[in-house]
$ cat work05.cif   # mmCIF, N, CA and C atoms
data_start
loop_
_atom_site.label_atom_id
_atom_site.label_comp_id
_atom_site.auth_asym_id
_atom_site.auth_seq_id
_atom_site.Cartn_x
_atom_site.Cartn_y
_atom_site.Cartn_z
N MET L 1 -24.48 23.17 -121.41
CA MET L 1 -24.47 21.84 -121.99
C MET L 1 -25.80 21.13 -121.74
N ILE L 2 -26.51 21.49 -120.69
CA ILE L 2 -27.81 20.88 -120.44
C ILE L 2 -28.74 21.19 -121.61
N ALA L 3 -28.76 22.44 -122.04
CA ALA L 3 -29.60 22.83 -123.17
C ALA L 3 -29.13 22.14 -124.45
N ALA L 4 -27.82 22.05 -124.64
CA ALA L 4 -27.30 21.38 -125.83
C ALA L 4 -27.71 19.91 -125.84
N GLY L 5 -27.70 19.27 -124.69
CA GLY L 5 -28.14 17.88 -124.60
C GLY L 5 -29.61 17.74 -124.95
N ALA L 6 -30.42 18.67 -124.50
CA ALA L 6 -31.86 18.63 -124.81
C ALA L 6 -32.10 18.84 -126.31
N VAL L 7 -31.38 19.77 -126.90
CA VAL L 7 -31.52 20.02 -128.35
C VAL L 7 -31.02 18.81 -129.14
N ALA L 8 -29.91 18.24 -128.72
CA ALA L 8 -29.37 17.05 -129.40
C ALA L 8 -30.35 15.89 -129.33
N ALA L 9 -31.03 15.73 -128.20
CA ALA L 9 -32.03 14.66 -128.05
C ALA L 9 -33.18 14.85 -129.03
N GLU L 10 -33.60 16.09 -129.18
CA GLU L 10 -34.71 16.37 -130.10
C GLU L 10 -34.27 16.16 -131.55
N ARG L 11 -33.09 16.62 -131.89
CA ARG L 11 -32.64 16.49 -133.28
C ARG L 11 -32.26 15.05 -133.64
N ALA L 12 -31.65 14.33 -132.71
CA ALA L 12 -31.19 12.98 -133.01
C ALA L 12 -32.31 11.94 -132.93
N LEU L 13 -33.19 12.09 -131.94
CA LEU L 13 -34.20 11.05 -131.70
C LEU L 13 -35.63 11.57 -131.74
N GLY L 14 -35.79 12.89 -131.88
CA GLY L 14 -37.14 13.45 -131.90
C GLY L 14 -37.78 13.49 -130.51
N LEU L 15 -36.97 13.38 -129.46
CA LEU L 15 -37.47 13.37 -128.10
C LEU L 15 -37.35 14.77 -127.49
N VAL L 16 -38.48 15.33 -127.09
CA VAL L 16 -38.50 16.64 -126.45
C VAL L 16 -38.50 16.42 -124.94
N MET L 17 -37.53 16.99 -124.27
CA MET L 17 -37.43 16.79 -122.82
C MET L 17 -38.44 17.65 -122.08
N PHE L 18 -39.08 17.05 -121.10
CA PHE L 18 -40.03 17.76 -120.25
C PHE L 18 -39.25 18.56 -119.20
N ASP L 19 -39.94 19.54 -118.60
CA ASP L 19 -39.30 20.38 -117.58
C ASP L 19 -38.72 19.53 -116.44
N GLU L 20 -39.45 18.49 -116.03
CA GLU L 20 -38.99 17.63 -114.94
C GLU L 20 -37.69 16.91 -115.31
N GLN L 21 -37.56 16.52 -116.56
CA GLN L 21 -36.34 15.86 -117.01
C GLN L 21 -35.18 16.85 -117.05
N LEU L 22 -35.43 18.06 -117.48
CA LEU L 22 -34.39 19.09 -117.50
C LEU L 22 -33.95 19.45 -116.08
N LEU L 23 -34.91 19.51 -115.17
CA LEU L 23 -34.59 19.79 -113.77
C LEU L 23 -33.74 18.66 -113.19
N ALA L 24 -34.13 17.42 -113.47
CA ALA L 24 -33.36 16.27 -112.99
C ALA L 24 -31.94 16.31 -113.54
N ALA L 25 -31.80 16.61 -114.83
CA ALA L 25 -30.47 16.70 -115.45
C ALA L 25 -29.64 17.78 -114.77
N SER L 26 -30.23 18.92 -114.51
CA SER L 26 -29.51 20.02 -113.87
C SER L 26 -29.06 19.63 -112.46
N LEU L 27 -29.92 18.95 -111.73
CA LEU L 27 -29.56 18.54 -110.38
C LEU L 27 -28.47 17.47 -110.39
N LEU L 28 -28.55 16.53 -111.32
CA LEU L 28 -27.52 15.51 -111.42
C LEU L 28 -26.15 16.12 -111.74
N ALA L 29 -26.15 17.16 -112.54
CA ALA L 29 -24.89 17.76 -112.99
C ALA L 29 -24.33 18.77 -112.00
N SER L 30 -25.13 19.20 -111.03
CA SER L 30 -24.67 20.26 -110.15
C SER L 30 -24.55 19.78 -108.71
N SER L 31 -23.56 20.31 -108.05
CA SER L 31 -23.38 20.08 -106.63
C SER L 31 -22.35 21.08 -106.15
N GLN L 32 -22.47 21.50 -104.92
CA GLN L 32 -21.51 22.47 -104.40
C GLN L 32 -20.13 21.85 -104.19
N ASP L 33 -20.09 20.57 -103.94
CA ASP L 33 -18.83 19.88 -103.68
C ASP L 33 -18.44 18.94 -104.81
N GLY L 34 -18.94 19.17 -106.00
CA GLY L 34 -18.69 18.28 -107.13
C GLY L 34 -19.90 17.41 -107.39
N PRO L 35 -19.88 16.67 -108.50
CA PRO L 35 -21.03 15.86 -108.85
C PRO L 35 -21.30 14.79 -107.82
N GLY L 36 -22.53 14.38 -107.73
CA GLY L 36 -22.86 13.32 -106.81
C GLY L 36 -24.27 13.38 -106.27
N ARG L 37 -25.10 14.22 -106.81
CA ARG L 37 -26.48 14.30 -106.35
C ARG L 37 -27.26 13.08 -106.82
N ILE L 38 -28.28 12.75 -106.09
CA ILE L 38 -29.18 11.66 -106.45
C ILE L 38 -30.54 12.27 -106.77
N VAL L 39 -31.15 11.82 -107.84
CA VAL L 39 -32.47 12.28 -108.24
C VAL L 39 -33.37 11.07 -108.36
N GLU L 40 -34.50 11.11 -107.70
CA GLU L 40 -35.45 10.00 -107.77
C GLU L 40 -36.56 10.34 -108.76
N MET L 41 -36.78 9.43 -109.69
CA MET L 41 -37.87 9.58 -110.66
C MET L 41 -38.63 8.27 -110.72
N GLN L 42 -39.91 8.36 -110.93
CA GLN L 42 -40.76 7.18 -110.99
C GLN L 42 -40.64 6.49 -112.35
N THR L 43 -41.12 5.27 -112.41
CA THR L 43 -41.15 4.52 -113.66
C THR L 43 -41.91 5.32 -114.72
N GLY L 44 -41.32 5.42 -115.89
CA GLY L 44 -41.98 6.11 -117.00
C GLY L 44 -41.75 7.60 -117.07
N GLU L 45 -40.98 8.15 -116.16
CA GLU L 45 -40.74 9.60 -116.17
C GLU L 45 -39.53 10.01 -117.01
N GLY L 46 -38.84 9.05 -117.59
CA GLY L 46 -37.76 9.39 -118.50
C GLY L 46 -36.40 9.53 -117.87
N LYS L 47 -36.05 8.61 -116.99
CA LYS L 47 -34.75 8.66 -116.32
C LYS L 47 -33.59 8.56 -117.30
N THR L 48 -33.73 7.68 -118.28
CA THR L 48 -32.65 7.49 -119.25
C THR L 48 -32.37 8.79 -119.99
N LEU L 49 -33.40 9.42 -120.49
CA LEU L 49 -33.22 10.67 -121.23
C LEU L 49 -32.75 11.80 -120.31
N ALA L 50 -33.25 11.84 -119.08
CA ALA L 50 -32.87 12.90 -118.15
C ALA L 50 -31.38 12.83 -117.80
N ALA L 51 -30.82 11.64 -117.81
CA ALA L 51 -29.41 11.49 -117.46
C ALA L 51 -28.47 12.00 -118.55
N VAL L 52 -28.91 11.99 -119.79
CA VAL L 52 -28.02 12.30 -120.92
C VAL L 52 -27.40 13.70 -120.82
N PRO L 53 -28.16 14.77 -120.62
CA PRO L 53 -27.52 16.09 -120.54
C PRO L 53 -26.55 16.21 -119.36
N ALA L 54 -26.88 15.57 -118.24
CA ALA L 54 -25.98 15.61 -117.09
C ALA L 54 -24.69 14.86 -117.40
N VAL L 55 -24.80 13.70 -118.00
CA VAL L 55 -23.62 12.93 -118.39
C VAL L 55 -22.77 13.72 -119.37
N ALA L 56 -23.42 14.34 -120.35
CA ALA L 56 -22.70 15.14 -121.35
C ALA L 56 -21.98 16.30 -120.68
N TRP L 57 -22.66 16.98 -119.76
CA TRP L 57 -22.05 18.11 -119.05
C TRP L 57 -20.81 17.66 -118.30
N LEU L 58 -20.93 16.59 -117.54
CA LEU L 58 -19.81 16.12 -116.74
C LEU L 58 -18.67 15.61 -117.62
N ALA L 59 -19.00 14.94 -118.71
CA ALA L 59 -17.97 14.43 -119.62
C ALA L 59 -17.21 15.57 -120.29
N ARG L 60 -17.90 16.62 -120.67
CA ARG L 60 -17.25 17.74 -121.36
C ARG L 60 -16.37 18.56 -120.43
N THR L 61 -16.55 18.42 -119.13
CA THR L 61 -15.68 19.13 -118.19
C THR L 61 -14.42 18.33 -117.90
N GLY L 62 -14.25 17.20 -118.56
CA GLY L 62 -13.04 16.41 -118.42
C GLY L 62 -13.18 15.23 -117.47
N ALA L 63 -14.32 15.08 -116.86
CA ALA L 63 -14.53 13.97 -115.93
C ALA L 63 -14.97 12.73 -116.71
N GLY L 64 -14.45 11.60 -116.34
CA GLY L 64 -14.96 10.35 -116.89
C GLY L 64 -16.30 10.08 -116.22
N VAL L 65 -17.25 9.58 -116.96
CA VAL L 65 -18.59 9.39 -116.42
C VAL L 65 -19.01 7.94 -116.60
N HIS L 66 -19.48 7.34 -115.53
CA HIS L 66 -20.04 5.99 -115.58
C HIS L 66 -21.48 6.06 -115.15
N VAL L 67 -22.36 5.40 -115.88
CA VAL L 67 -23.77 5.34 -115.53
C VAL L 67 -24.09 3.89 -115.19
N LEU L 68 -24.66 3.68 -114.03
CA LEU L 68 -25.00 2.32 -113.60
C LEU L 68 -26.46 2.04 -113.90
N THR L 69 -26.72 0.82 -114.33
CA THR L 69 -28.09 0.39 -114.58
C THR L 69 -28.34 -0.90 -113.80
N ALA L 70 -29.58 -1.32 -113.79
CA ALA L 70 -29.98 -2.47 -112.98
C ALA L 70 -29.49 -3.81 -113.55
N ASN L 71 -29.27 -3.87 -114.85
CA ASN L 71 -28.84 -5.15 -115.43
C ASN L 71 -28.18 -4.93 -116.79
N ASP L 72 -27.61 -6.00 -117.33
CA ASP L 72 -26.88 -5.92 -118.60
C ASP L 72 -27.78 -5.52 -119.76
N TYR L 73 -29.00 -6.02 -119.76
CA TYR L 73 -29.94 -5.67 -120.84
C TYR L 73 -30.15 -4.16 -120.90
N LEU L 74 -30.41 -3.54 -119.74
CA LEU L 74 -30.64 -2.09 -119.72
C LEU L 74 -29.39 -1.31 -120.11
N ALA L 75 -28.24 -1.80 -119.72
CA ALA L 75 -26.99 -1.12 -120.09
C ALA L 75 -26.85 -1.07 -121.61
N ARG L 76 -27.06 -2.20 -122.26
CA ARG L 76 -26.96 -2.26 -123.72
C ARG L 76 -28.05 -1.42 -124.39
N ARG L 77 -29.29 -1.60 -123.93
CA ARG L 77 -30.42 -0.88 -124.53
C ARG L 77 -30.22 0.63 -124.44
N ASP L 78 -29.88 1.11 -123.25
CA ASP L 78 -29.76 2.55 -123.06
C ASP L 78 -28.56 3.14 -123.80
N ALA L 79 -27.45 2.41 -123.82
CA ALA L 79 -26.28 2.89 -124.57
C ALA L 79 -26.59 2.98 -126.06
N ASP L 80 -27.23 1.96 -126.60
CA ASP L 80 -27.58 1.97 -128.02
C ASP L 80 -28.63 3.03 -128.34
N TRP L 81 -29.61 3.17 -127.46
CA TRP L 81 -30.70 4.13 -127.67
C TRP L 81 -30.20 5.57 -127.63
N MET L 82 -29.32 5.90 -126.67
CA MET L 82 -28.86 7.27 -126.48
C MET L 82 -27.61 7.62 -127.30
N ARG L 83 -27.00 6.63 -127.94
CA ARG L 83 -25.78 6.85 -128.72
C ARG L 83 -25.91 8.00 -129.73
N PRO L 84 -27.02 8.11 -130.50
CA PRO L 84 -27.10 9.22 -131.46
C PRO L 84 -27.00 10.61 -130.81
N ILE L 85 -27.48 10.72 -129.58
CA ILE L 85 -27.38 12.01 -128.88
C ILE L 85 -25.92 12.28 -128.53
N PHE L 86 -25.26 11.29 -127.96
CA PHE L 86 -23.85 11.47 -127.59
C PHE L 86 -23.00 11.74 -128.83
N ASP L 87 -23.31 11.05 -129.93
CA ASP L 87 -22.57 11.30 -131.18
C ASP L 87 -22.69 12.76 -131.60
N ARG L 88 -23.89 13.33 -131.52
CA ARG L 88 -24.10 14.72 -131.89
C ARG L 88 -23.31 15.67 -131.00
N LEU L 89 -23.07 15.25 -129.77
CA LEU L 89 -22.35 16.09 -128.82
C LEU L 89 -20.84 15.83 -128.83
N GLY L 90 -20.40 14.93 -129.72
CA GLY L 90 -18.97 14.65 -129.84
C GLY L 90 -18.44 13.75 -128.73
N LEU L 91 -19.31 12.94 -128.15
CA LEU L 91 -18.93 12.04 -127.07
C LEU L 91 -19.11 10.60 -127.50
N THR L 92 -18.41 9.70 -126.84
CA THR L 92 -18.57 8.28 -127.14
C THR L 92 -19.30 7.61 -125.98
N VAL L 93 -19.91 6.48 -126.29
CA VAL L 93 -20.63 5.71 -125.29
C VAL L 93 -20.30 4.24 -125.47
N ALA L 94 -20.21 3.54 -124.36
CA ALA L 94 -19.93 2.11 -124.40
C ALA L 94 -20.64 1.46 -123.21
N PHE L 95 -20.69 0.15 -123.21
CA PHE L 95 -21.29 -0.56 -122.09
C PHE L 95 -20.51 -1.84 -121.83
N VAL L 96 -20.64 -2.33 -120.63
CA VAL L 96 -19.98 -3.57 -120.23
C VAL L 96 -21.05 -4.59 -119.93
#
$ encode --input "work05.cif" --output "structure tokens"
Amino acid sequence: MIAAGAVAAERALGLVMFDEQLLAASLLASSQDGPGRIVEMQTGEGKTLAAVPAVAWLARTGAGVHVLTANDYLARRDADWMRPIFDRLGLTVAFV
């Protein structure tokens, strides 16, 4: 699903994921005791895009997934921006 998320990002938004973003997505989605890893990325490294394949992976395994952001503006912006990717993967996205 990580690869499917990367392909969906490219097809839906024209965004090609860098190796660092794919690695971050893989780490976010994997853990020996279930999801819960933390990945630190600097400003401008593509945290929003890196989270999408991990979220898609966890959602497709039947887990409900919540993504926290720093404020309401970012929640709305990121949900709207990434929605075409989630749509391609058959997932829904919403924000509060």
$ axis_aligned_box --input "work05.cif" --around "segment 45-59 of chain L" --padding-each-side "4 Å" --output "JSON"
{"center_x": -29.1, "center_y": 12.8, "center_z": -118.8, "size_x": 31.8, "size_y": 18.6, "size_z": 13.2}
$ atom_distance --input "work05.cif" --atom1 "atom CA of Val7 of chain L" --atom2 "atom CA of Tyr73 of chain L"
26.8 Å
$ closest_residue --input "work05.cif" --among "L:Gly64, L:Asp72, L:Thr92, L:Leu22" --to "Ala51 of chain L" --atoms "only C-alpha atoms"
L:Leu22
$ closest_residue --input "work05.cif" --among "L:Ala79, L:Ala63, L:Leu13, L:Ala56" --to "Ala94 of chain L" --atoms "all atoms listed in the file"
L:Ala79
$ closest_residue --input "work05.cif" --among "L:Ala24, L:Val39, L:Leu68, L:Leu49" --to "Met82 of chain L" --atoms "only N, CA and C atoms"
L:Leu49
$ residues_near_point --input "work05.cif" --point "(-39.2, 19.4, -121.0)" --cutoff "12 Å" --atoms "only C-alpha atoms" --output "ChimeraX atom specification"
/L:2-3,5-7,9-10,15-25,45-46,49-50
$ select_by_dssp --input "work05.cif" --residues "chain L" --states "alpha helix (DSSP H)" --output "ChimeraX atom specification"
/L:2-13,19-29,47-60,72-88
$ atom_distance --input "work05.cif" --atom1 "atom CA of Ala12 of chain L" --atom2 "atom C of Gly90 of chain L"
13.5 Å
$ closest_residue --input "work05.cif" --among "L:Ala59, L:Ala70, L:Val65, L:Ile38" --to "Leu91 of chain L" --atoms "only C-alpha atoms"
L:Ala59
$ atom_distance --input "work05.cif" --atom1 "atom CA of Glu40 of chain L" --atom2 "atom N of Asn71 of chain L"
16.8 Å
$ closest_residue --input "work05.cif" --among "L:Thr48, L:Arg60, L:Ser26, L:Val96" --to "Asp78 of chain L" --atoms "all atoms listed in the file"
L:Thr48
